[in-house]
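The structure under discussion appears below in the form of C-alpha cells.
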Amino acid sequence: MTSFEIDESTRFVADRDRVTWIDRREVARFSERTRASNALRERALAVMPAGVPNSWMAGYYAHPQLFADHGAGSRFFDPDGNSYIDMNVSDLSMTIGFGVHEIEQALADQYRKGAHFLLPTEDAIVTAELLAALTGMPSWQFTVAASGSNTDIMRIARHMTGRRKLVVFEGKYHGHIEETLVVSQDGQNVPEYQGMSGRRAEDTIILPFNDLEAVARVLKQRDVALVLTEPAMTNCTLVLPEPGFLEGLRQLTQETGTMLCIDEAHTFSFAYGGLTRLWQLKSDFMTLGKGFGSGVAFAAYGMTREVADHVERHLDILHRRSGIGLGGTLYGNALSMAVARDMLEHVLTEAAYNRISVLGTRMADGIDALCRDLDLPCRAFRLGPRSGMCLTTELPRNYREARPSMDLDMLDARRVFMANRGYWDCIVSAGPQASFAHSPEEIDGYVAVLGEFMEELVRG
Ligand SMILES: Cc1ncc(COP(=O)(O)O)c(C=O)c1O
C-alpha cells in the first residue's frame, strides 16, 4: 500500500440515504426558525450577488442563508433571536470571542485620536517589539490580511533569490493569491478557481506534506525562491508534521539557498507565540493574520534581520526609485496597530492560551470517547484548542489521507443539525476550535450534540 491509499475498513463511510434524510429534515426546521434571515436575504439579493457582501458568506454553507445580528462572548444571535455557540470562530478570526472590553476600548480610544495617518504610530513599534520577543522574528511589517502578507513575502523572496518558483503543500490555503490558488490535476498545475489567468500556476510546485524526499528532489534544482507552509496544515482538517519534517525543511531550504515562510495565520491561535515558539521553529518569514483573532482587519509578517536589511535597501521611493512592490493604503493603520498592541499586551496572554489548550483537550477527549462508545472507526484531531472528528482510524499525514474526513454532504447535514441545537459548527475543511470565550460546559455541549448527530447517523 502506498502512503496515499486509504484502506476502506479503517474509515467511517456515512450512509448516503441517512445523510440526505437528516439534512432535509434539519434544513426544513432551520428554515422555520430563521424567517427573519430569509426576509433579509430576499432584500439583499437585489443589491448583492447571492445576497452577501463577501461570496464566502454564502459559499461556505449549504443551508439557507443566515444573517447575524449581534454577538456576546462565545455566542452570536440571528435576527430571529436564535443563539449559536460559535465553534467556527469566523474561520479563526474571532478566537477571543465577541465584545472583548479591552479591544472595544482600544478601538474607541484610537478612533477618537485618529484612525489612520499613513504615518507610523508608536503602537506599531510596541507591537513589533512584542512580536519579536514572542516569536524570535526580529523585524515586522503590517498588512490588512494574511493574503497581503504572503503576497509581499513572495515578492521579497523572489527579489532576494533571483528565482521565480514557489513550493506549497497539497491541501494548502495561503490566501487569495494566484500563485497559491493552484491545484494539480492529472499531473498538470491548473488554477483552483475560475477567472484566473493560469500563468502564475506555472511557477508553483505542489508537493505532499511530510515528504522530505520530494522536497529535496525539487529544491536541489536551485530554482525555487520560497517554500510556503503552515507548521501544521489546518485548511484540510488537521495534518500534523511528522517528527523532523519542519526541521528537515529548514535544513533543505538553507542548503539550497531557498527561503522558508511559516504561515501562522491560523496556528498563531493554537499556542502562545504560535507553533514557531512552541516547537522552536526557524524560518526566514512568518505570516500572521486575522487580526490575531480579534476580528479587526489586520495582519503581519515577520522576517529575519538579513531580510529586513534587504527590504530597507530596496524600498520603493515614489516616482524616484523603483523598489520591491510592497505595502497598501491601510496597511499598518493606527487603528489596527492600537488593537494589535492591546491584543498582545492584554488579551493573548500565556494563561489564556493555556486555558484554551485545556478546553481543546477536553473536546478531543470527549470526541475520542464518543467514537469508542459508538464503535466508530474514527478519532479526534487534537492540537491545543483545535480539535474535530477524524473519520479514519489513523491520523492523516497529508492531504490525500485527510480527504476522507472531508465528507462534504455529511458535514453539511451536521452543520444544520447543530445550528438547530444552538451550535455554529466549523467549516467543512477545518475543525471546531475552543475560543477564549468558551466555557467547559459549552465544549461538553458541543461534544454531546456531535454525539447525538453521529448516533442518529449510525443507529437511526
Ligand atoms: C494559513 C492561511 N494563510 C493565509 C490565509 C489568508 O488569510 P486572509 O483571508 O485573511 O487573507 C488563510 C485564510 O484562511 C490561511 O488559513
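By convention in this document, the chains of the C-alpha cells carry letters A, B, ... by their order, each chain's residues are numbered from 1, and ligands are numbered from 1 in the order they are shown.
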Task: Near-ligand residues for ligand 1, threshold 7 Å, only C-alpha atoms and all ligand atoms, as a PyMOL selection string - done: chain A and resi 91+145-148+173-176+230+234-235+263-266+289-290
Selection to disk with N, CA, C and O atoms, as a compact mmCIF listing (two decimals), in the first residue's frame:
```
# COMPACT_ATOMS: atom_id res chain seq x y z
N ASP A 91 -13.72 31.35 11.10
CA ASP A 91 -12.51 30.79 10.47
C ASP A 91 -11.25 31.32 11.17
O ASP A 91 -10.29 31.75 10.53
N ALA A 145 -4.53 41.77 5.60
CA ALA A 145 -4.96 40.36 5.56
C ALA A 145 -3.73 39.49 5.29
O ALA A 145 -2.75 39.95 4.70
N ALA A 146 -3.82 38.23 5.71
CA ALA A 146 -2.68 37.33 5.51
C ALA A 146 -2.39 37.13 4.03
O ALA A 146 -1.24 36.87 3.65
N SER A 147 -3.41 37.25 3.17
CA SER A 147 -3.16 37.19 1.72
C SER A 147 -2.15 38.26 1.32
O SER A 147 -1.26 38.02 0.51
N GLY A 148 -2.32 39.45 1.87
CA GLY A 148 -1.39 40.56 1.58
C GLY A 148 -0.01 40.28 2.13
O GLY A 148 1.00 40.58 1.50
N TYR A 173 -3.93 26.28 2.03
CA TYR A 173 -4.57 27.55 1.66
C TYR A 173 -3.69 28.64 2.27
O TYR A 173 -3.38 28.61 3.46
N HIS A 174 -3.28 29.58 1.43
CA HIS A 174 -2.44 30.68 1.92
C HIS A 174 -3.01 32.03 1.52
O HIS A 174 -2.29 33.03 1.56
N GLY A 175 -4.29 32.05 1.10
CA GLY A 175 -4.89 33.32 0.74
C GLY A 175 -5.27 33.36 -0.72
O GLY A 175 -4.97 32.44 -1.49
N HIS A 176 -5.96 34.43 -1.08
CA HIS A 176 -6.45 34.56 -2.45
C HIS A 176 -5.36 35.16 -3.35
O HIS A 176 -5.43 36.32 -3.74
N GLU A 230 2.21 25.98 6.21
CA GLU A 230 1.75 26.08 7.60
C GLU A 230 2.59 25.09 8.41
O GLU A 230 3.00 24.05 7.89
N THR A 234 -3.95 23.24 8.38
CA THR A 234 -5.22 23.46 9.10
C THR A 234 -6.40 23.68 8.18
O THR A 234 -7.52 23.85 8.66
N ASN A 235 -6.16 23.69 6.88
CA ASN A 235 -7.25 24.00 5.94
C ASN A 235 -7.78 22.77 5.23
O ASN A 235 -8.62 22.88 4.34
N ASP A 263 3.64 29.95 7.69
CA ASP A 263 2.39 30.71 7.68
C ASP A 263 1.59 30.35 8.93
O ASP A 263 1.03 29.25 9.02
N GLU A 264 1.56 31.27 9.87
CA GLU A 264 0.84 31.03 11.14
C GLU A 264 -0.45 31.85 11.22
O GLU A 264 -0.87 32.24 12.31
N ALA A 265 -1.04 32.13 10.05
CA ALA A 265 -2.30 32.89 10.05
C ALA A 265 -3.33 32.19 10.94
O ALA A 265 -4.11 32.84 11.64
N HIS A 266 -3.36 30.87 10.92
CA HIS A 266 -4.28 30.11 11.78
C HIS A 266 -3.60 29.67 13.07
O HIS A 266 -4.17 29.77 14.14
N GLY A 289 -2.10 36.64 10.77
CA GLY A 289 -3.27 37.23 10.11
C GLY A 289 -4.47 37.30 11.01
O GLY A 289 -4.38 37.12 12.22
N LYS A 290 -5.62 37.59 10.36
CA LYS A 290 -6.93 37.51 11.00
C LYS A 290 -7.00 38.34 12.28
O LYS A 290 -7.62 37.93 13.27
```
Task: DSSP-assigned helix (DSSP H, G or I) among stretch 161-291 of chain A, expressed as a ChimeraX atom specification - done: /A:161,200-203,212-219,245-255,267-269,274-278,290-291
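When atom CA of A:Gly302 is paired with atom CA of A:Phe285, their separation reads 5.4 Å.
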TODO: One decimal, Å: what's the distance from atom CA of A:Arg163 over to atom CA of A:Ala225, could you say?
DONE: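 The value is 4.9 Å.
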Task: Atom-to-atom span, atom CA of A:Val447 and atom CA of A:Leu383, Å - done: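 Computing it gives 16.5 Å between the two atoms.
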